[in-house]
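Colleague: One file: my_file14.cif (mmCIF, C-alpha atoms).
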data_query
loop_
_atom_site.group_PDB
_atom_site.id
_atom_site.type_symbol
_atom_site.label_atom_id
_atom_site.label_comp_id
_atom_site.auth_asym_id
_atom_site.auth_seq_id
_atom_site.Cartn_x
_atom_site.Cartn_y
_atom_site.Cartn_z
ATOM 1 C CA MET A 224 -86.625 -33.775 -22.611
ATOM 2 C CA ALA A 225 -89.757 -33.569 -24.741
ATOM 3 C CA LEU A 226 -89.365 -32.403 -28.298
ATOM 4 C CA GLU A 227 -90.947 -29.065 -29.042
ATOM 5 C CA GLU A 228 -92.772 -28.277 -32.226
ATOM 6 C CA PRO A 229 -90.503 -26.365 -34.645
ATOM 7 C CA SER A 230 -92.825 -23.366 -34.597
ATOM 8 C CA THR A 231 -92.555 -23.038 -30.798
ATOM 9 C CA GLN A 232 -88.758 -23.355 -30.651
ATOM 10 C CA SER A 233 -86.718 -20.198 -30.267
ATOM 11 C CA PRO A 234 -84.740 -19.066 -33.350
ATOM 12 C CA ASP A 235 -81.474 -19.819 -31.525
ATOM 13 C CA ARG A 236 -82.582 -23.362 -30.724
ATOM 14 C CA ARG A 237 -83.725 -23.965 -34.337
ATOM 15 C CA ARG A 238 -80.409 -22.641 -35.638
ATOM 16 C CA ARG A 239 -78.455 -24.841 -33.207
ATOM 17 C CA ALA A 240 -80.505 -27.922 -34.148
ATOM 18 C CA ALA A 241 -79.939 -27.240 -37.846
ATOM 19 C CA SER A 242 -76.188 -26.857 -37.378
ATOM 20 C CA ASP A 243 -76.011 -30.023 -35.239
ATOM 21 C CA SER A 244 -77.656 -32.010 -38.026
ATOM 22 C CA LEU A 245 -74.965 -31.055 -40.539
ATOM 23 C CA VAL A 246 -72.392 -33.771 -41.021
ATOM 24 C CA LEU A 247 -69.257 -32.685 -42.795
ATOM 25 C CA PRO A 248 -67.322 -35.304 -44.736
ATOM 26 C CA LYS A 249 -63.743 -35.914 -43.655
ATOM 27 C CA ARG A 250 -61.144 -34.507 -45.992
ATOM 28 C CA ALA A 251 -58.222 -36.548 -47.143
ATOM 29 C CA PHE A 252 -54.922 -35.499 -45.595
ATOM 30 C CA ARG A 253 -52.833 -33.378 -47.906
ATOM 31 C CA GLY A 254 -49.153 -33.524 -47.150
ATOM 32 C CA ARG A 255 -47.092 -30.424 -46.538
ATOM 33 C CA TYR A 256 -46.343 -28.285 -49.525
ATOM 34 C CA GLU A 257 -42.745 -28.914 -50.481
ATOM 35 C CA TYR A 258 -40.630 -25.990 -51.613
ATOM 36 C CA ALA A 259 -36.967 -25.244 -52.146
ATOM 37 C CA ARG A 260 -35.533 -23.259 -49.221
ATOM 38 C CA PHE A 261 -33.228 -20.394 -50.169
ATOM 39 C CA ASP A 262 -32.516 -16.753 -49.343
ATOM 40 C CA PHE A 263 -34.461 -14.435 -51.630
ATOM 41 C CA ASP A 264 -32.569 -11.961 -53.781
ATOM 42 C CA LEU A 265 -33.855 -9.770 -56.603
ATOM 43 C CA ALA A 266 -30.970 -11.066 -58.690
ATOM 44 C CA ILE A 267 -32.958 -14.264 -59.346
ATOM 45 C CA PHE A 268 -34.936 -12.242 -61.881
ATOM 46 C CA GLY A 269 -31.811 -11.391 -63.875
ATOM 47 C CA ASP A 270 -31.213 -7.847 -65.089
ATOM 48 C CA GLY A 271 -33.663 -5.056 -64.239
ATOM 49 C CA ARG A 272 -35.313 -5.080 -67.653
ATOM 50 C CA HIS A 273 -36.712 -8.570 -67.149
ATOM 51 C CA GLU A 274 -40.503 -8.601 -67.313
ATOM 52 C CA ALA A 275 -40.800 -11.253 -64.578
ATOM 53 C CA VAL A 276 -40.044 -8.682 -61.862
ATOM 54 C CA ARG A 277 -42.903 -6.500 -62.996
ATOM 55 C CA HIS A 278 -45.183 -9.509 -63.355
ATOM 56 C CA HIS A 279 -44.600 -10.840 -59.830
ATOM 57 C CA LEU A 280 -44.022 -7.605 -57.899
ATOM 58 C CA ARG A 281 -45.612 -4.851 -60.050
ATOM 59 C CA PHE A 282 -42.441 -2.768 -59.724
ATOM 60 C CA THR A 283 -39.070 -2.713 -61.467
ATOM 61 C CA GLN A 284 -35.895 -3.753 -59.653
ATOM 62 C CA GLU A 285 -34.794 -0.134 -59.459
ATOM 63 C CA GLU A 286 -38.110 0.911 -57.874
ATOM 64 C CA ILE A 287 -37.960 -1.984 -55.405
ATOM 65 C CA ARG A 288 -34.474 -0.890 -54.333
ATOM 66 C CA ARG A 289 -35.514 2.769 -53.912
ATOM 67 C CA LEU A 290 -38.741 2.218 -51.933
ATOM 68 C CA PRO A 291 -37.658 0.544 -48.630
ATOM 69 C CA PRO A 292 -35.779 3.593 -47.263
ATOM 70 C CA LEU A 293 -38.633 5.890 -48.300
ATOM 71 C CA LEU A 294 -41.165 3.657 -46.543
ATOM 72 C CA ARG A 295 -38.819 3.296 -43.511
ATOM 73 C CA LEU A 296 -39.150 -0.492 -43.626
ATOM 74 C CA HIS A 297 -35.866 -0.896 -41.724
ATOM 75 C CA ALA A 298 -37.802 0.152 -38.582
ATOM 76 C CA VAL A 299 -40.470 -2.581 -38.721
ATOM 77 C CA PRO A 300 -40.753 -4.374 -35.353
ATOM 78 C CA TRP A 301 -40.626 -8.005 -36.513
ATOM 79 C CA ARG A 302 -42.331 -10.676 -34.443
ATOM 80 C CA TYR A 303 -41.503 -14.380 -34.102
ATOM 81 C CA ARG A 304 -37.755 -13.777 -34.513
ATOM 82 C CA ASN A 305 -38.173 -13.001 -38.205
ATOM 83 C CA THR A 306 -35.456 -10.713 -39.510
ATOM 84 C CA PRO A 307 -36.009 -10.113 -43.219
ATOM 85 C CA ASP A 308 -34.185 -7.241 -44.833
ATOM 86 C CA ALA A 309 -36.366 -4.296 -45.874
ATOM 87 C CA GLU A 310 -36.113 -5.140 -49.575
ATOM 88 C CA THR A 311 -37.339 -8.711 -49.064
ATOM 89 C CA ALA A 312 -40.194 -7.504 -46.847
ATOM 90 C CA LEU A 313 -41.310 -5.062 -49.538
ATOM 91 C CA CYS A 314 -41.125 -7.828 -52.147
ATOM 92 C CA VAL A 315 -43.302 -10.104 -49.969
ATOM 93 C CA VAL A 316 -45.900 -7.337 -49.566
ATOM 94 C CA THR A 317 -45.965 -6.395 -53.246
ATOM 95 C CA ALA A 318 -46.064 -10.027 -54.411
ATOM 96 C CA ARG A 319 -49.000 -10.790 -52.114
ATOM 97 C CA LEU A 320 -50.922 -7.664 -53.133
ATOM 98 C CA ALA A 321 -50.111 -8.061 -56.839
ATOM 99 C CA PHE A 322 -51.893 -11.335 -57.367
ATOM 100 C CA PRO A 323 -54.794 -13.040 -55.579
ATOM 101 C CA GLY A 324 -53.339 -16.411 -54.733
ATOM 102 C CA ARG A 325 -52.283 -18.679 -51.932
ATOM 103 C CA TRP A 326 -49.068 -18.555 -49.969
ATOM 104 C CA GLU A 327 -47.850 -21.680 -51.803
ATOM 105 C CA ALA A 328 -47.167 -19.605 -54.916
ATOM 106 C CA CYS A 329 -45.094 -17.163 -52.865
ATOM 107 C CA MET A 330 -43.252 -20.025 -51.151
ATOM 108 C CA ALA A 331 -41.749 -21.070 -54.476
ATOM 109 C CA LEU A 332 -40.751 -17.471 -55.247
ATOM 110 C CA PHE A 333 -39.227 -16.552 -51.865
ATOM 111 C CA GLY A 334 -37.994 -19.935 -50.601
ATOM 112 C CA LYS A 335 -39.695 -19.470 -47.222
ATOM 113 C CA SER A 336 -42.589 -21.165 -45.420
ATOM 114 C CA ALA A 337 -46.159 -19.912 -45.560
ATOM 115 C CA GLY A 338 -45.995 -19.032 -41.852
ATOM 116 C CA TRP A 339 -42.862 -16.930 -42.321
ATOM 117 C CA LEU A 340 -44.320 -15.143 -45.350
ATOM 118 C CA SER A 341 -47.608 -14.496 -43.569
ATOM 119 C CA ALA A 342 -45.897 -13.074 -40.472
ATOM 120 C CA VAL A 343 -43.607 -10.831 -42.547
ATOM 121 C CA PHE A 344 -46.540 -9.619 -44.647
ATOM 122 C CA ASN A 345 -48.706 -8.873 -41.594
ATOM 123 C CA ASP A 346 -45.913 -7.093 -39.701
ATOM 124 C CA ALA A 347 -44.924 -4.978 -42.714
ATOM 125 C CA VAL A 348 -48.496 -4.003 -43.597
ATOM 126 C CA THR A 349 -49.322 -3.210 -39.958
ATOM 127 C CA PHE A 350 -46.222 -1.012 -39.767
ATOM 128 C CA LEU A 351 -47.100 0.788 -43.025
ATOM 129 C CA VAL A 352 -50.660 1.428 -41.847
ATOM 130 C CA GLU A 353 -49.489 2.793 -38.495
ATOM 131 C CA GLU A 354 -46.740 4.873 -40.100
ATOM 132 C CA PHE A 355 -48.792 6.363 -42.935
ATOM 133 C CA THR A 356 -52.352 6.451 -41.554
ATOM 134 C CA PRO A 357 -52.843 10.172 -42.321
ATOM 135 C CA LEU A 358 -52.051 9.509 -45.985
ATOM 136 C CA LEU A 359 -54.356 6.495 -46.368
ATOM 137 C CA GLN A 360 -57.978 6.761 -47.390
ATOM 138 C CA TRP A 361 -60.672 4.171 -46.791
ATOM 139 C CA HIS A 362 -63.800 3.666 -48.833
ATOM 140 C CA PRO A 363 -66.586 5.647 -47.095
ATOM 141 C CA GLN A 364 -69.046 2.743 -47.291
ATOM 142 C CA LEU A 365 -66.707 0.522 -45.259
ATOM 143 C CA THR A 366 -66.380 2.596 -42.096
ATOM 144 C CA TYR A 367 -67.155 0.853 -38.806
ATOM 145 C CA SER A 368 -70.431 2.743 -38.432
ATOM 146 C CA ARG A 369 -71.586 1.738 -41.954
ATOM 147 C CA LEU A 370 -70.526 -1.878 -41.382
ATOM 148 C CA GLN A 371 -72.600 -1.908 -38.201
ATOM 149 C CA VAL A 372 -75.618 -0.651 -40.183
ATOM 150 C CA TYR A 373 -75.091 -3.475 -42.717
ATOM 151 C CA ALA A 374 -74.668 -6.070 -39.945
ATOM 152 C CA ASP A 375 -77.844 -4.868 -38.204
ATOM 153 C CA ALA A 376 -79.800 -5.158 -41.467
ATOM 154 C CA VAL A 377 -78.548 -8.712 -42.078
ATOM 155 C CA GLU A 378 -79.374 -9.673 -38.498
ATOM 156 C CA GLU A 379 -82.874 -8.224 -38.820
ATOM 157 C CA VAL A 380 -83.602 -10.241 -41.954
ATOM 158 C CA GLY A 381 -81.630 -13.439 -41.353
ATOM 159 C CA GLY A 382 -81.127 -13.617 -37.615
ATOM 160 C CA TYR A 383 -77.323 -13.881 -37.782
ATOM 161 C CA ARG A 384 -75.114 -11.391 -35.957
ATOM 162 C CA GLY A 385 -71.876 -9.855 -37.188
ATOM 163 C CA ILE A 386 -72.297 -10.478 -40.927
ATOM 164 C CA TRP A 387 -71.875 -7.383 -43.061
ATOM 165 C CA GLY A 388 -71.113 -8.732 -46.530
ATOM 166 C CA PHE A 389 -71.265 -11.789 -48.733
ATOM 167 C CA VAL A 390 -68.926 -13.298 -51.287
ATOM 168 C CA ASP A 391 -71.224 -13.655 -54.246
ATOM 169 C CA GLY A 392 -68.870 -15.376 -56.675
ATOM 170 C CA THR A 393 -69.837 -13.160 -59.605
ATOM 171 C CA PHE A 394 -67.532 -13.781 -62.556
ATOM 172 C CA ARG A 395 -66.239 -10.688 -64.322
ATOM 173 C CA GLY A 396 -64.835 -11.487 -67.743
ATOM 174 C CA PHE A 397 -62.202 -9.460 -69.559
ATOM 175 C CA CYS A 398 -59.922 -9.741 -72.578
ATOM 176 C CA LYS A 399 -57.166 -12.287 -72.232
ATOM 177 C CA PRO A 400 -53.827 -10.813 -71.129
ATOM 178 C CA SER A 401 -51.209 -10.526 -73.830
ATOM 179 C CA LYS A 402 -48.158 -11.109 -71.615
ATOM 180 C CA GLY A 403 -47.382 -14.798 -72.149
ATOM 181 C CA ASP A 404 -49.022 -18.105 -71.369
ATOM 182 C CA GLU A 405 -48.486 -17.894 -67.592
ATOM 183 C CA ALA A 406 -50.567 -14.718 -67.263
ATOM 184 C CA GLN A 407 -53.307 -16.204 -69.427
ATOM 185 C CA ARG A 408 -53.444 -19.424 -67.411
ATOM 186 C CA ALA A 409 -53.646 -17.475 -64.156
ATOM 187 C CA VAL A 410 -56.883 -15.706 -65.108
ATOM 188 C CA TYR A 411 -58.543 -18.408 -67.225
ATOM 189 C CA ASN A 412 -61.730 -19.856 -65.726
ATOM 190 C CA GLY A 413 -62.295 -23.385 -67.014
ATOM 191 C CA HIS A 414 -65.892 -23.459 -65.807
ATOM 192 C CA LYS A 415 -66.880 -20.332 -67.732
ATOM 193 C CA ARG A 416 -64.292 -20.980 -70.473
ATOM 194 C CA GLN A 417 -63.298 -17.321 -70.395
ATOM 195 C CA HIS A 418 -60.582 -15.101 -68.970
ATOM 196 C CA GLY A 419 -61.702 -13.134 -65.922
ATOM 197 C CA GLN A 420 -61.905 -13.022 -62.130
ATOM 198 C CA VAL A 421 -64.466 -13.920 -59.509
#
Mind turning this structure into structure tokens?

Modeller:
Amino acid sequence: MALEEPSTQSPDRRRRAASDSLVLPKRAFRGRYEYARFDFDLAIFGDGRHEAVRHHLRFTQEEIRRLPPLLRLHAVPWRYRNTPDAETALCVVTARLAFPGRWEACMALFGKSAGWLSAVFNDAVTFLVEEFTPLLQWHPQLTYSRLQVYADAVEEVGGYRGIWGFVDGTFRGFCKPSKGDEAQRAVYNGHKRQHGQV
């Protein structure tokens, strides 16, 4: 097959040729994340006044114990033979939503695998969305019709379909948290040498 001049190639062919020329380096194998396996119980935080509960779950022990019946979490249809109690499921959801991190951090807290935590989180959140849809509000700029407008604009300019947003990596600094060294370390950015989030 004769090579075509770049200017006469179709945009799809140029894009395919560019992606074929990329060579990604092989990553070193990282072993499995080791964690202690145990059954989660709110009692690991000690008495209800302990600040660690609020730090990890954003609720007090009393609030965590009152919410599952109100949210009807006992009726969640669990997949993959998972059978967490409603209190544990709520704790998984609140821990994941409370702090932007990886499942490895939650594995140490709950004593379960990342797959188990992910499945419980997804099932519980899906149930809550289906159960309480009339009470939930979505940002008006992120409706499907608006996202399609954004995707069409990106496709018109860049030629790529289905992209509606970009992670820009903008760092937003703020005052360092006053609640102990762990909270400060969690939001400290060594590159910027400031406390904040991307």

Colleague: Once the PyMOL selection byres ((chain A and resi 262) around 9) has been applied to the shown file, what residues remain in the selection, as a list in words?

Modeller: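 On this input, the PyMOL selection byres ((chain A and resi 262) around 9) captures Arg260, Phe261, Phe263, Asp264, Phe333, Gly334 and Lys335 of chain A.
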
Colleague: Taking the file as I've supplied it (selection: the PyMOL selection byres ((chain A and resi 329) around 12)), which residues are included? Please answer as a compact mmCIF listing (two decimals) with C-alpha atoms, in the frame of the given file.

Modeller:
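File result-v9.txt, as written:
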# COMPACT_ATOMS: atom_id res chain seq x y z
CA TYR A 256 -46.34 -28.28 -49.52
CA TYR A 258 -40.63 -25.99 -51.61
CA ALA A 259 -36.97 -25.24 -52.15
CA ARG A 260 -35.53 -23.26 -49.22
CA PHE A 263 -34.46 -14.44 -51.63
CA HIS A 279 -44.60 -10.84 -59.83
CA LEU A 280 -44.02 -7.60 -57.90
CA CYS A 314 -41.12 -7.83 -52.15
CA VAL A 315 -43.30 -10.10 -49.97
CA VAL A 316 -45.90 -7.34 -49.57
CA THR A 317 -45.96 -6.40 -53.25
CA ALA A 318 -46.06 -10.03 -54.41
CA ARG A 319 -49.00 -10.79 -52.11
CA LEU A 320 -50.92 -7.66 -53.13
CA ALA A 321 -50.11 -8.06 -56.84
CA PHE A 322 -51.89 -11.34 -57.37
CA PRO A 323 -54.79 -13.04 -55.58
CA GLY A 324 -53.34 -16.41 -54.73
CA ARG A 325 -52.28 -18.68 -51.93
CA TRP A 326 -49.07 -18.56 -49.97
CA GLU A 327 -47.85 -21.68 -51.80
CA ALA A 328 -47.17 -19.60 -54.92
CA MET A 330 -43.25 -20.02 -51.15
CA ALA A 331 -41.75 -21.07 -54.48
CA LEU A 332 -40.75 -17.47 -55.25
CA PHE A 333 -39.23 -16.55 -51.86
CA GLY A 334 -37.99 -19.93 -50.60
CA LYS A 335 -39.70 -19.47 -47.22
CA SER A 336 -42.59 -21.16 -45.42
CA ALA A 337 -46.16 -19.91 -45.56
CA GLY A 338 -46.00 -19.03 -41.85
CA TRP A 339 -42.86 -16.93 -42.32
CA LEU A 340 -44.32 -15.14 -45.35
CA SER A 341 -47.61 -14.50 -43.57
CA PHE A 344 -46.54 -9.62 -44.65

Colleague: Spell out the residues picked by the PyMOL selection byres ((chain A and resi 399) around 12) here, as a list in words.

Modeller: Gly396, Phe397, Cys398, Pro400, Ser401, Lys402, Gly403, Asp404, Glu405, Ala406, Gln407, Arg408, Ala409, Val410, Tyr411, Asn412, Arg416, Gln417, His418, Gly419 and Gln420 of chain A

Colleague: Which polymer residues, protein or nucleic acid, are no farther than 8 Å from (-35.1, -7.4, -56.3), counting all atoms listed in the file, as a list in words?

Modeller: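 The residues that fall inside the cut-off are Asp264, Leu265, Ala266, Ile267, Phe268, Val276, Gln284, Glu285, Ile287, Arg288, Glu310, Thr311 and Cys314 of chain A.
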
Colleague: Take the residues from that selection and write them out as a tab-separated table (two decimals), keeping the file's coordinate frame, keeping C-alpha atoms.

Modeller:
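Output (out-v5.tsv):
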chain	number	residue	atom	x	y	z
A	264	ASP	CA	-32.57	-11.96	-53.78
A	265	LEU	CA	-33.85	-9.77	-56.60
A	266	ALA	CA	-30.97	-11.07	-58.69
A	267	ILE	CA	-32.96	-14.26	-59.35
A	268	PHE	CA	-34.94	-12.24	-61.88
A	276	VAL	CA	-40.04	-8.68	-61.86
A	284	GLN	CA	-35.90	-3.75	-59.65
A	285	GLU	CA	-34.79	-0.13	-59.46
A	287	ILE	CA	-37.96	-1.98	-55.40
A	288	ARG	CA	-34.47	-0.89	-54.33
A	310	GLU	CA	-36.11	-5.14	-49.58
A	311	THR	CA	-37.34	-8.71	-49.06
A	314	CYS	CA	-41.12	-7.83	-52.15

Colleague: Between CA of Tyr303 (chain A) and CA of Val348 (chain A), what distance in Å does the model show, to one decimal?

Modeller: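 Taking CA of Tyr303 (chain A) and CA of Val348 (chain A), their separation equals 15.7 Å.
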
Colleague: Hey, can you check how far CA of Tyr383 (chain A) sits from CA of His362 (chain A)?

Modeller: 24.8 Å

Colleague: Please provide the set of residues having any atom within 10 Å of Ala298 (chain A), restricted to all atoms listed in the file, with same-chain residues fewer than 4 positions apart removed, written as a list in words.

Modeller: Pro292, Leu294, Ala309, Ala347 and Phe350 of chain A

Colleague: Env of Leu370 (chain A): 12 Å cut, atoms = all atoms listed in the file, seq-sep filter 5 positions within chain, self excluded. Answer as a list of chain:residue names.

Modeller: A:His362, A:Pro363, A:Gln364, A:Leu365, A:Asp375, A:Ala376, A:Val377, A:Arg384, A:Gly385, A:Ile386, A:Trp387, A:Gly388

Colleague: Just the number, please: distance in Å from CA of Arg277 (chain A) to CA of Leu293 (chain A), one decimal.

Modeller: 19.7 Å

Colleague: Between A:Thr356, A:Phe282, A:Asn345, A:Glu274, which has the minimum distance to Val299 (chain A) (counting all atoms listed in the file)?

Modeller: A:Asn345
